[in-house]
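Asker: Quick one: the structure is below, questions incoming.
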Amino acid sequence: MDFSSKKKKKPKNFLPPDPPQAEVALTPAKVAEDRGPSTATVVESAQGGMEPEAPIKNATEGIAQSSTTGYPYDMLLARVFAQIQALNPELMSDTKRRLVMAPPCMARVGTKKTHFTNFNGICRSLNRDPAHLSAYLFAELGTTGSVDANGALLIRGKYQAKHIEPVLRNYARTYVLCSTCQSPDTELSRDSRLLFLQCKTCRSRVTVKSVTSGFQAVTGKRAAIRAKTQ
C-alpha cells in the first residue's frame with residue numbers, strides 16, 4: 001500500500017517555558033497591603049499586638065473617666081463620710097439616741113387634788129408643748145386641771161406615779177418617737193387641720209390623731225356652768 005498520497009502533519013511549535021521567577025513569600029503584612037489599609041491594621045494588630053481602632057477605644061475610655069478625672073477614690077470616700085458626719089452625726093456612731101424621761105413626782109394637795117411637780121421638766125425632755133401634754137393627760141385620765149405659775153400641773157383627783165407613767169409612755173410612743181427609725185428628734189406641726197409628726201433624722205412625716213377629750217359627766221347645775229363660761 002502506498003501512503004505517499006496522504007498529507008503529513010506538521011509538527012507543532014512548542015514555545016520555550018518562561019524563565020523561573022523568584023518566589024515571593026506571602027507574609028501577612030504583604031497580604032494585608034494587597035487588601036487595603038483597614039485590613040492591614042487588623043492583621044498587624046493580630047501579629048504584632050497593636051490594638052485596632054485605637055482612637056475609638058481611647059475616646060470610650062475618656063467618656064468613662066471624664067466624671068472622675070482627678071478625684072481619687074480615697075478622697076471621694078472621705079467626702080461622703082464628711083457629709084454624713086455634718087448632716088447626720090448620729091449615723092456615724094453605734095449608739096442610738098434614746099429617750100430618757102424622769103419618773104413623775106406626785107404630791108397630794110388636800111383630799112381631792114394631786115400636784116404633778118416635775119411636769120415642766122418632763123415637757124422639756126419630750127420637747128413638747130405643756131398645753132398639748134396636759135390636754136392628753138386630762139383626756140386619758142378623764143379629769144381636769146390647770147398649770148400653776150411654777151409650771152407644775154394641778155390635777156383634780158387622787159393619782160400616784162404608777163397611774164401617770166403608762167399615760168406618759170403612750171404619749172411618747174404616739175406623739176414623740178418616730179414610727180420609722182424610733183428617733184425622739186421629732187416635731188409636731190399642723191397643716192390643713194391635720195397634725196403631722198415629722199422626724200428630723202430620717203425625714204419621714206406621718207399623721208397623728210388629735211387629742212380629744214373623753215366623756216365627762218356633768219355633776220353640777222348646767223345653768224351655773226353656762227354662767228361661768230360666759
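As shown in the C-alpha cells, the chain order sets the letters A, B, ...; within each chain, residues go from 1, and ligands are also counted from 1 in the order they appear.
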Got a sec: who's within 10 Å of segment 202-214 of chain A, counting only C-alpha atoms, leaving out chain neighbours fewer than 6 positions off, as a ChimeraX atom specification?
Answerer: /A:88,132-133,135-143,174-175,178-183,185-191,193-196
Asker: Using only C-alpha atoms, please write the residues we just selected to a file, as a PDB file, in the first residue's frame.
Answerer:
```pdb
ATOM      1  CA  ASN A  88     -26.492  63.090 110.370  1.00  0.00           C
ATOM      2  CA  HIS A 132     -50.601  69.583 124.467  1.00  0.00           C
ATOM      3  CA  LEU A 133     -49.285  67.144 127.082  1.00  0.00           C
ATOM      4  CA  ALA A 135     -54.622  68.046 127.356  1.00  0.00           C
ATOM      5  CA  TYR A 136     -53.577  64.444 126.656  1.00  0.00           C
ATOM      6  CA  LEU A 137     -53.286  63.665 130.375  1.00  0.00           C
ATOM      7  CA  PHE A 138     -56.697  65.137 131.110  1.00  0.00           C
ATOM      8  CA  ALA A 139     -58.272  63.215 128.219  1.00  0.00           C
ATOM      9  CA  GLU A 140     -56.731  59.884 129.253  1.00  0.00           C
ATOM     10  CA  LEU A 141     -57.404  60.280 132.953  1.00  0.00           C
ATOM     11  CA  GLY A 142     -60.873  61.706 132.429  1.00  0.00           C
ATOM     12  CA  THR A 143     -60.326  64.673 134.685  1.00  0.00           C
ATOM     13  CA  THR A 174     -47.672  58.251 119.737  1.00  0.00           C
ATOM     14  CA  TYR A 175     -46.512  61.879 119.649  1.00  0.00           C
ATOM     15  CA  CYS A 178     -40.675  58.322 115.026  1.00  0.00           C
ATOM     16  CA  SER A 179     -42.554  55.304 113.707  1.00  0.00           C
ATOM     17  CA  THR A 180     -39.830  54.622 111.107  1.00  0.00           C
ATOM     18  CA  CYS A 181     -36.490  54.954 112.919  1.00  0.00           C
ATOM     19  CA  GLN A 182     -37.684  55.310 116.551  1.00  0.00           C
ATOM     20  CA  SER A 183     -35.796  58.570 116.927  1.00  0.00           C
ATOM     21  CA  ASP A 185     -35.781  64.008 117.457  1.00  0.00           C
ATOM     22  CA  THR A 186     -39.216  64.893 116.063  1.00  0.00           C
ATOM     23  CA  GLU A 187     -41.601  67.808 115.995  1.00  0.00           C
ATOM     24  CA  LEU A 188     -45.344  68.291 115.717  1.00  0.00           C
ATOM     25  CA  SER A 189     -46.751  70.545 113.010  1.00  0.00           C
ATOM     26  CA  ARG A 190     -50.285  71.293 111.912  1.00  0.00           C
ATOM     27  CA  ASP A 191     -51.187  71.607 108.235  1.00  0.00           C
ATOM     28  CA  ARG A 193     -56.268  70.898 110.140  1.00  0.00           C
ATOM     29  CA  LEU A 194     -54.113  67.753 110.298  1.00  0.00           C
ATOM     30  CA  LEU A 195     -51.444  67.068 112.886  1.00  0.00           C
ATOM     31  CA  PHE A 196     -48.161  65.706 111.496  1.00  0.00           C
TER      32      PHE A 196
END
```
Asker: Mind checking which residues fall within 12 Å of segment 163-170 of chain A, counting only C-alpha atoms, ignoring those fewer than 3 positions away in the same chain, and posting them as number ranges by chain?
Answerer: A: 99-106, 114-116, 119, 122-123, 125-126, 128, 133-142, 155, 157-160, 173-177
Asker: List every residue of segment 115-208 of chain A that DSSP, applied to the backbone of this structure, assigns to helix (DSSP H, G or I), and report them as an NGL selection string.
Answerer: :A and (119-126 or 130-141 or 161-175)
Asker: I'd like the neighbourhood of Gly151 of chain A as a ChimeraX atom specification, where a residue qualifies if any of its atoms comes within 9 Å (using only C-alpha atoms), though same-chain residues fewer than 2 positions away should be ignored.
Answerer: /A:117-121,130,147-149,153
Asker: Output N, CA and C atoms for every residue in the selection just made, as a compact mmCIF listing (two decimals), in the first residue's frame.
Answerer:
```
# COMPACT_ATOMS: atom_id res chain seq x y z
N THR A 117 -45.38 67.75 140.22
CA THR A 117 -44.37 68.78 140.46
C THR A 117 -43.37 68.93 139.31
N ASN A 118 -42.91 67.83 138.73
CA ASN A 118 -41.89 67.92 137.66
C ASN A 118 -42.51 67.83 136.26
N PHE A 119 -43.70 68.37 136.13
CA PHE A 119 -44.39 68.33 134.84
C PHE A 119 -43.64 69.16 133.80
N ASN A 120 -43.14 70.32 134.18
CA ASN A 120 -42.43 71.18 133.23
C ASN A 120 -41.13 70.54 132.76
N GLY A 121 -40.41 69.84 133.64
CA GLY A 121 -39.18 69.16 133.24
C GLY A 121 -39.43 68.02 132.27
N PRO A 130 -46.39 72.17 126.85
CA PRO A 130 -47.10 71.73 128.06
C PRO A 130 -48.61 71.69 127.88
N VAL A 147 -52.33 74.48 135.05
CA VAL A 147 -50.89 74.64 135.24
C VAL A 147 -50.67 75.89 136.07
N ASP A 148 -49.90 75.75 137.17
CA ASP A 148 -49.67 76.88 138.05
C ASP A 148 -48.53 77.75 137.53
N ALA A 149 -48.15 78.76 138.30
CA ALA A 149 -47.13 79.71 137.88
C ALA A 149 -45.74 79.09 137.82
N LEU A 153 -48.28 70.87 137.31
CA LEU A 153 -49.64 70.55 136.87
C LEU A 153 -50.47 70.16 138.09
```
Asker: Please identify which residues in segment 60-192 of chain A DSSP calls strand (DSSP E) from the backbone, and express them as a VMD selection string.
Answerer: chain A and resid 106 to 109 113 to 116 145 to 147 153 to 156 186 to 191
Asker: Got time to write the residues from that selection, C-alpha atoms, as a PDB file, in the first residue's frame?
Answerer:
```
ATOM      1  CA  MET A 106     -46.718  63.344 142.551  1.00  0.00           C
ATOM      2  CA  ALA A 107     -47.740  65.171 145.706  1.00  0.00           C
ATOM      3  CA  ARG A 108     -51.112  65.201 147.423  1.00  0.00           C
ATOM      4  CA  VAL A 109     -52.865  68.560 147.742  1.00  0.00           C
ATOM      5  CA  LYS A 113     -56.231  67.169 144.126  1.00  0.00           C
ATOM      6  CA  THR A 114     -52.778  65.968 143.057  1.00  0.00           C
ATOM      7  CA  HIS A 115     -49.747  68.111 142.316  1.00  0.00           C
ATOM      8  CA  PHE A 116     -47.532  66.979 139.386  1.00  0.00           C
ATOM      9  CA  GLY A 145     -56.721  70.536 135.981  1.00  0.00           C
ATOM     10  CA  SER A 146     -54.527  73.538 135.389  1.00  0.00           C
ATOM     11  CA  VAL A 147     -50.889  74.638 135.239  1.00  0.00           C
ATOM     12  CA  LEU A 153     -49.639  70.554 136.873  1.00  0.00           C
ATOM     13  CA  LEU A 154     -52.525  70.513 139.318  1.00  0.00           C
ATOM     14  CA  ILE A 155     -54.795  67.543 138.615  1.00  0.00           C
ATOM     15  CA  ARG A 156     -58.221  67.064 140.075  1.00  0.00           C
ATOM     16  CA  THR A 186     -39.216  64.893 116.063  1.00  0.00           C
ATOM     17  CA  GLU A 187     -41.601  67.808 115.995  1.00  0.00           C
ATOM     18  CA  LEU A 188     -45.344  68.291 115.717  1.00  0.00           C
ATOM     19  CA  SER A 189     -46.751  70.545 113.010  1.00  0.00           C
ATOM     20  CA  ARG A 190     -50.285  71.293 111.912  1.00  0.00           C
ATOM     21  CA  ASP A 191     -51.187  71.607 108.235  1.00  0.00           C
TER      22      ASP A 191
END
```
